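Student: I'd like to ask you about the structure that follows.
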Amino acid sequence: MKKIAILILAHKNPLQVLRFISQFNPKLFDIYVHFDKKISLTDDVLAKFTAHQNVFLIPDEQRISISWGDSTRIKAEKILLDFSYQKSKYSFFILCSGQDLLIKKSTRLYDFLTANKDKSFNEAIDDTLIPEFKKRNELKYSKFRTSKSFVSKAARNAYKRITGGGKYTFPLFRTRFSKQFDFHFGSSWFEFNQETVDYIRKFEAKHPDYREGFKKSLNPDECYYQTILFTSKEQVSRLINRNLTYIDWSENGSSPKTLTTDDLKALDASDCFFARKFDEAVDSKVIQRILENTK
C-alpha cells in the first residue's frame, strides 16, 4: 500500500502547522514541510516536528525566502517535490499551505484518492479570465511590481495600462518567453498522482530553460504546472477540474478570507477535504473544533 506525500509551504505559525500535521494517519501519509527562510525556528519547535517519524523538514540550507507573486514560490514547490520524490514512491503528491486544515478524516481522503488513483486534481481558471491571466506572462515584472503594497499595486496597474491594458499587451512589450508556450492556468494547490509528477519532471529535464522563463512573470505558480500538463493529451485526460480545498474568496481581496467559527456550517456542507486559510491568532476555536471533528 503506497503512502501519500503531503507537501506544505509554511510561512508562519509553526505550532499551527503541527496541529495540521497531527490530522494525518502516519501509516498512510508522509509530511514534507518547507518553512519560509524568513521565519526562525527554535530548537524546541524543531524537536516537535522531528518527533514525528513521518514528518520531514526541508533542511535549513535548502530553505528559501518566498515573495508574493514571483517565481520563488515555484522554486520552493520544486524543492518540496524533488525532496519527497527522492525519498520514496508515493501514489499522490498534495500541495498545501501551512494555514490549511483537513475538514474530513485523513482516512477518507486516502480512500478517495485510492479510488481515483489514475486521476489528478487541479481547478482550472474560468475561461473568461484567460486574457487577464495571459498578461502575467507577457510582461517582465520586477520585484517592486509584485509587492502587495499600495504603491506597488498602483505601479503595477499603471504598467498594465501603458503596455496595452488589463487584458491585452502591445506586441512591442511581449516577452520572447510568452510566445513559446500555450499557457494554461489553475489553482496553486494540487493533488497530482505519481504518473503526473513523473511527466512534470521529464518535461523539466527536457526543457531546462522553462522555469527560468517565469522569473519575471506575475503569479507563475498558477500557470507553471498547468502549462506543462497541457502539452500532453494523456495528462489532460486524467486531470480533473476540481479543487479539493475549500477557499472563500468572497472578500474579493488578493488573499482568501481567514475562516472562523462562523464558517463551520459551510465547511461541514462542503465536499472538499481541505480548507484554508486559518490563523490561530484570529480564531483558534475554529481550529480546535475541526481537529475534534476529524479525529
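Lettering and numbering for the C-alpha cells are positional, with chains as A, B, ... in the shown order, residues counted from 1 in each chain, and ligands counted from 1 in the shown order.
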Could you name the residues that touch segment 224-240 of chain A at 8 Å or less, counting only C-alpha atoms, but leaving out those on the same chain fewer than 3 positions away, as a list in words?
Tutor: Ile74, Asp118, Lys119, Ser120, Phe121, Asn122, Glu123, Phe181, Asp182, Phe183, His184, Phe185, Gly186, Thr196, Tyr199, Ile200, Phe203, Arg211, Pro220 and Asp221 of chain A
Student: Based on the selection just made, write C-alpha atoms of those residues as a short mmCIF file (atom, residue, chain, number, x, y, z; two decimals), in the first residue's frame.
Tutor:
```
data_model
loop_
_atom_site.label_atom_id
_atom_site.label_comp_id
_atom_site.auth_asym_id
_atom_site.auth_seq_id
_atom_site.Cartn_x
_atom_site.Cartn_y
_atom_site.Cartn_z
CA ILE A 74 7.74 27.76 -7.86
CA ASP A 118 -5.49 7.26 -12.24
CA LYS A 119 -6.62 10.90 -11.86
CA SER A 120 -5.02 14.19 -10.83
CA PHE A 121 -6.88 17.18 -9.43
CA ASN A 122 -6.48 20.90 -10.08
CA GLU A 123 -9.13 23.57 -10.51
CA PHE A 181 4.13 28.19 -24.92
CA ASP A 182 0.36 27.89 -24.92
CA PHE A 183 -0.20 28.94 -21.30
CA HIS A 184 -2.90 27.40 -19.13
CA PHE A 185 -3.94 28.47 -15.65
CA GLY A 186 -5.33 26.91 -12.49
CA THR A 196 1.61 13.20 -13.40
CA TYR A 199 5.61 13.66 -16.55
CA ILE A 200 6.34 17.06 -14.96
CA PHE A 203 9.29 17.83 -19.12
CA ARG A 211 11.40 27.53 -15.17
CA PRO A 220 3.57 31.96 -12.15
CA ASP A 221 2.52 29.30 -9.58
#
```
Student: Taking the backbone alone, and naming residues the way the document does, which bits of segment 128-256 of chain A are strand (DSSP E) by DSSP, as a list of chain:residue names?
Tutor: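 Selecting the strand (DSSP E) positions of segment 128-256 of chain A gives A:Glu191, A:Phe192, A:Asn193, A:Leu239, A:Ile240, A:Thr245, A:Tyr246, A:Ile247.
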Student: Restricting it to all heavy atoms, dump the selection as a PDB file, in the first residue's frame.
Tutor:
```pdb
ATOM      1  N   GLU A 191      -3.459  18.070  -6.340  1.00  0.00           N
ATOM      2  CA  GLU A 191      -3.323  16.676  -5.936  1.00  0.00           C
ATOM      3  C   GLU A 191      -2.903  15.925  -7.199  1.00  0.00           C
ATOM      4  O   GLU A 191      -3.758  15.560  -8.025  1.00  0.00           O
ATOM      5  CB  GLU A 191      -4.643  16.109  -5.379  1.00  0.00           C
ATOM      6  CG  GLU A 191      -5.098  16.763  -4.081  1.00  0.00           C
ATOM      7  CD  GLU A 191      -5.779  18.110  -4.271  1.00  0.00           C
ATOM      8  OE1 GLU A 191      -6.287  18.347  -5.398  1.00  0.00           O
ATOM      9  OE2 GLU A 191      -5.804  18.927  -3.318  1.00  0.00           O
ATOM     10  N   PHE A 192      -1.603  15.730  -7.379  1.00  0.00           N
ATOM     11  CA  PHE A 192      -1.067  15.092  -8.574  1.00  0.00           C
ATOM     12  C   PHE A 192      -0.657  13.654  -8.244  1.00  0.00           C
ATOM     13  O   PHE A 192       0.038  13.421  -7.246  1.00  0.00           O
ATOM     14  CB  PHE A 192       0.159  15.837  -9.091  1.00  0.00           C
ATOM     15  CG  PHE A 192      -0.149  17.186  -9.705  1.00  0.00           C
ATOM     16  CD1 PHE A 192       0.854  18.149  -9.804  1.00  0.00           C
ATOM     17  CD2 PHE A 192      -1.407  17.490 -10.188  1.00  0.00           C
ATOM     18  CE1 PHE A 192       0.592  19.389 -10.379  1.00  0.00           C
ATOM     19  CE2 PHE A 192      -1.682  18.727 -10.758  1.00  0.00           C
ATOM     20  CZ  PHE A 192      -0.671  19.675 -10.861  1.00  0.00           C
ATOM     21  N   ASN A 193      -1.059  12.708  -9.094  1.00  0.00           N
ATOM     22  CA  ASN A 193      -0.631  11.331  -8.854  1.00  0.00           C
ATOM     23  C   ASN A 193       0.804  11.133  -9.348  1.00  0.00           C
ATOM     24  O   ASN A 193       1.420  12.023  -9.945  1.00  0.00           O
ATOM     25  CB  ASN A 193      -1.611  10.332  -9.468  1.00  0.00           C
ATOM     26  CG  ASN A 193      -1.653  10.375 -10.989  1.00  0.00           C
ATOM     27  OD1 ASN A 193      -0.747  10.923 -11.641  1.00  0.00           O
ATOM     28  ND2 ASN A 193      -2.691   9.804 -11.573  1.00  0.00           N
ATOM     29  N   LEU A 239      -6.751  14.766 -15.879  1.00  0.00           N
ATOM     30  CA  LEU A 239      -6.791  15.922 -14.984  1.00  0.00           C
ATOM     31  C   LEU A 239      -8.238  16.317 -14.705  1.00  0.00           C
ATOM     32  O   LEU A 239      -8.979  16.699 -15.611  1.00  0.00           O
ATOM     33  CB  LEU A 239      -6.034  17.091 -15.612  1.00  0.00           C
ATOM     34  CG  LEU A 239      -5.741  18.300 -14.721  1.00  0.00           C
ATOM     35  CD1 LEU A 239      -4.882  17.914 -13.532  1.00  0.00           C
ATOM     36  CD2 LEU A 239      -5.050  19.392 -15.545  1.00  0.00           C
ATOM     37  N   ILE A 240      -8.642  16.217 -13.455  1.00  0.00           N
ATOM     38  CA  ILE A 240      -9.999  16.567 -13.046  1.00  0.00           C
ATOM     39  C   ILE A 240     -10.044  18.026 -12.624  1.00  0.00           C
ATOM     40  O   ILE A 240      -9.263  18.466 -11.776  1.00  0.00           O
ATOM     41  CB  ILE A 240     -10.479  15.673 -11.876  1.00  0.00           C
ATOM     42  CG1 ILE A 240     -10.386  14.192 -12.258  1.00  0.00           C
ATOM     43  CG2 ILE A 240     -11.903  16.041 -11.478  1.00  0.00           C
ATOM     44  CD1 ILE A 240     -11.199  13.800 -13.463  1.00  0.00           C
ATOM     45  N   THR A 245      -9.698  21.713  -2.055  1.00  0.00           N
ATOM     46  CA  THR A 245      -9.545  22.638  -0.935  1.00  0.00           C
ATOM     47  C   THR A 245     -10.635  23.698  -0.970  1.00  0.00           C
ATOM     48  O   THR A 245     -10.826  24.373  -1.987  1.00  0.00           O
ATOM     49  CB  THR A 245      -8.171  23.331  -0.981  1.00  0.00           C
ATOM     50  OG1 THR A 245      -7.138  22.345  -0.958  1.00  0.00           O
ATOM     51  CG2 THR A 245      -7.992  24.266   0.216  1.00  0.00           C
ATOM     52  N   TYR A 246     -11.348  23.835   0.154  1.00  0.00           N
ATOM     53  CA  TYR A 246     -12.372  24.873   0.294  1.00  0.00           C
ATOM     54  C   TYR A 246     -11.683  26.212   0.532  1.00  0.00           C
ATOM     55  O   TYR A 246     -10.895  26.360   1.469  1.00  0.00           O
ATOM     56  CB  TYR A 246     -13.289  24.540   1.475  1.00  0.00           C
ATOM     57  CG  TYR A 246     -14.343  25.587   1.772  1.00  0.00           C
ATOM     58  CD1 TYR A 246     -15.627  25.467   1.257  1.00  0.00           C
ATOM     59  CD2 TYR A 246     -14.057  26.685   2.585  1.00  0.00           C
ATOM     60  CE1 TYR A 246     -16.601  26.425   1.529  1.00  0.00           C
ATOM     61  CE2 TYR A 246     -15.021  27.653   2.862  1.00  0.00           C
ATOM     62  CZ  TYR A 246     -16.286  27.518   2.328  1.00  0.00           C
ATOM     63  OH  TYR A 246     -17.245  28.458   2.598  1.00  0.00           O
ATOM     64  N   ILE A 247     -11.996  27.184  -0.323  1.00  0.00           N
ATOM     65  CA  ILE A 247     -11.408  28.520  -0.212  1.00  0.00           C
ATOM     66  C   ILE A 247     -12.518  29.551  -0.420  1.00  0.00           C
ATOM     67  O   ILE A 247     -13.303  29.433  -1.368  1.00  0.00           O
ATOM     68  CB  ILE A 247     -10.280  28.739  -1.248  1.00  0.00           C
ATOM     69  CG1 ILE A 247      -9.208  27.651  -1.116  1.00  0.00           C
ATOM     70  CG2 ILE A 247      -9.653  30.119  -1.085  1.00  0.00           C
ATOM     71  CD1 ILE A 247      -8.130  27.714  -2.185  1.00  0.00           C
TER      72      ILE A 247
END
```
Student: When you look at segment 1-4 of chain A with a cut-off of 7 Å (counting only C-alpha atoms), what residues show up, excluding the ones that are within fewer than 4 positions of it in the same chain? I need them as a list in words.
Tutor: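 So the residues in contact are Leu28, Phe29, Asp30, Tyr90, Ser91, Phe92 and Phe93 of chain A.
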Student: Would you list the contacts of Tyr32 of chain A as a list in words, taking every protein, DNA or RNA residue within 8 Å and counting only C-alpha atoms, but skipping same-chain residues closer than 4 positions in sequence?
Tutor: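 Counting only the stated atoms, we get Ala5, Ile6, Leu7, Ile8, Val55, Phe56, Leu57, Ile58, Leu80 and Ser84 of chain A.
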Student: Within 10 Å of segment 255-270 of chain A, which residues of segment 54-172 of chain A come that close, and what is the closest atom pair and distance in Å for each? Count only C-alpha atoms and give it as a Markdown table.
Tutor:
```
| residue | atom | partner | partner_atom | distance |
| --- | --- | --- | --- | --- |
| A:Gln99 | CA | A:Thr258 | CA | 9.3 |
| A:Ile103 | CA | A:Leu267 | CA | 7.1 |
| A:Lys104 | CA | A:Asp268 | CA | 8.8 |
```
Student: With all heavy atoms retained, export the selected residues as a short mmCIF file (atom, residue, chain, number, x, y, z; two decimals), in the first residue's frame.
Tutor:
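Once written, part-v1.cif looks like this:
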```
data_model
loop_
_atom_site.label_atom_id
_atom_site.label_comp_id
_atom_site.auth_asym_id
_atom_site.auth_seq_id
_atom_site.Cartn_x
_atom_site.Cartn_y
_atom_site.Cartn_z
N GLN A 99 -1.44 27.06 6.39
CA GLN A 99 -2.67 27.54 7.02
C GLN A 99 -3.88 26.70 6.61
O GLN A 99 -5.01 27.13 6.77
CB GLN A 99 -2.89 29.02 6.70
CG GLN A 99 -1.87 29.93 7.38
CD GLN A 99 -2.15 31.40 7.13
OE1 GLN A 99 -1.65 32.00 6.18
NE2 GLN A 99 -2.95 31.99 8.00
N ILE A 103 -10.68 18.94 6.69
CA ILE A 103 -12.03 19.09 7.23
C ILE A 103 -12.79 17.76 7.16
O ILE A 103 -13.97 17.70 7.51
CB ILE A 103 -12.82 20.21 6.53
CG1 ILE A 103 -12.85 20.01 5.01
CG2 ILE A 103 -12.22 21.56 6.89
CD1 ILE A 103 -13.73 21.04 4.29
N LYS A 104 -12.08 16.73 6.73
CA LYS A 104 -12.59 15.36 6.80
C LYS A 104 -11.45 14.47 7.29
O LYS A 104 -10.28 14.85 7.20
CB LYS A 104 -13.10 14.88 5.44
CG LYS A 104 -14.37 15.59 4.98
CD LYS A 104 -14.82 15.09 3.63
CE LYS A 104 -16.16 15.69 3.24
NZ LYS A 104 -16.15 17.14 3.16
#
```
Student: Of the candidates A:Lys179, A:Arg289, A:Arg174, A:His34, which shows the shortest atom-to-atom distance to Lys12 of chain A, using only C-alpha atoms?
Tutor: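 Closest candidate: A:His34.
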Student: As a list of chain:residue names, please: the residues near Ile290 of chain A (cut-off 8 Å, only C-alpha atoms, same-chain neighbours under 2 positions excluded).
Tutor: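 My reading of the contact set: A:Leu101, A:Leu102, A:Ile103, A:Val286, A:Ile287, A:Gln288, A:Glu292, A:Asn293, A:Thr294.
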Student: Which distance in Å separates atom CA of Gly98 of chain A and atom CA of Asp60 of chain A, to one decimal?
Tutor: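 Computing the Euclidean distance for atom CA of Gly98 of chain A and atom CA of Asp60 of chain A yields 17.2 Å.
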Student: Identify, with DSSP run on backbone atoms, the residues in segment 178-282 of chain A assigned to helix (DSSP H, G or I), and express the list as number ranges by chain.
Tutor: A: 178-179, 194-206, 211-214, 220-222, 224-229, 233-237, 261-269
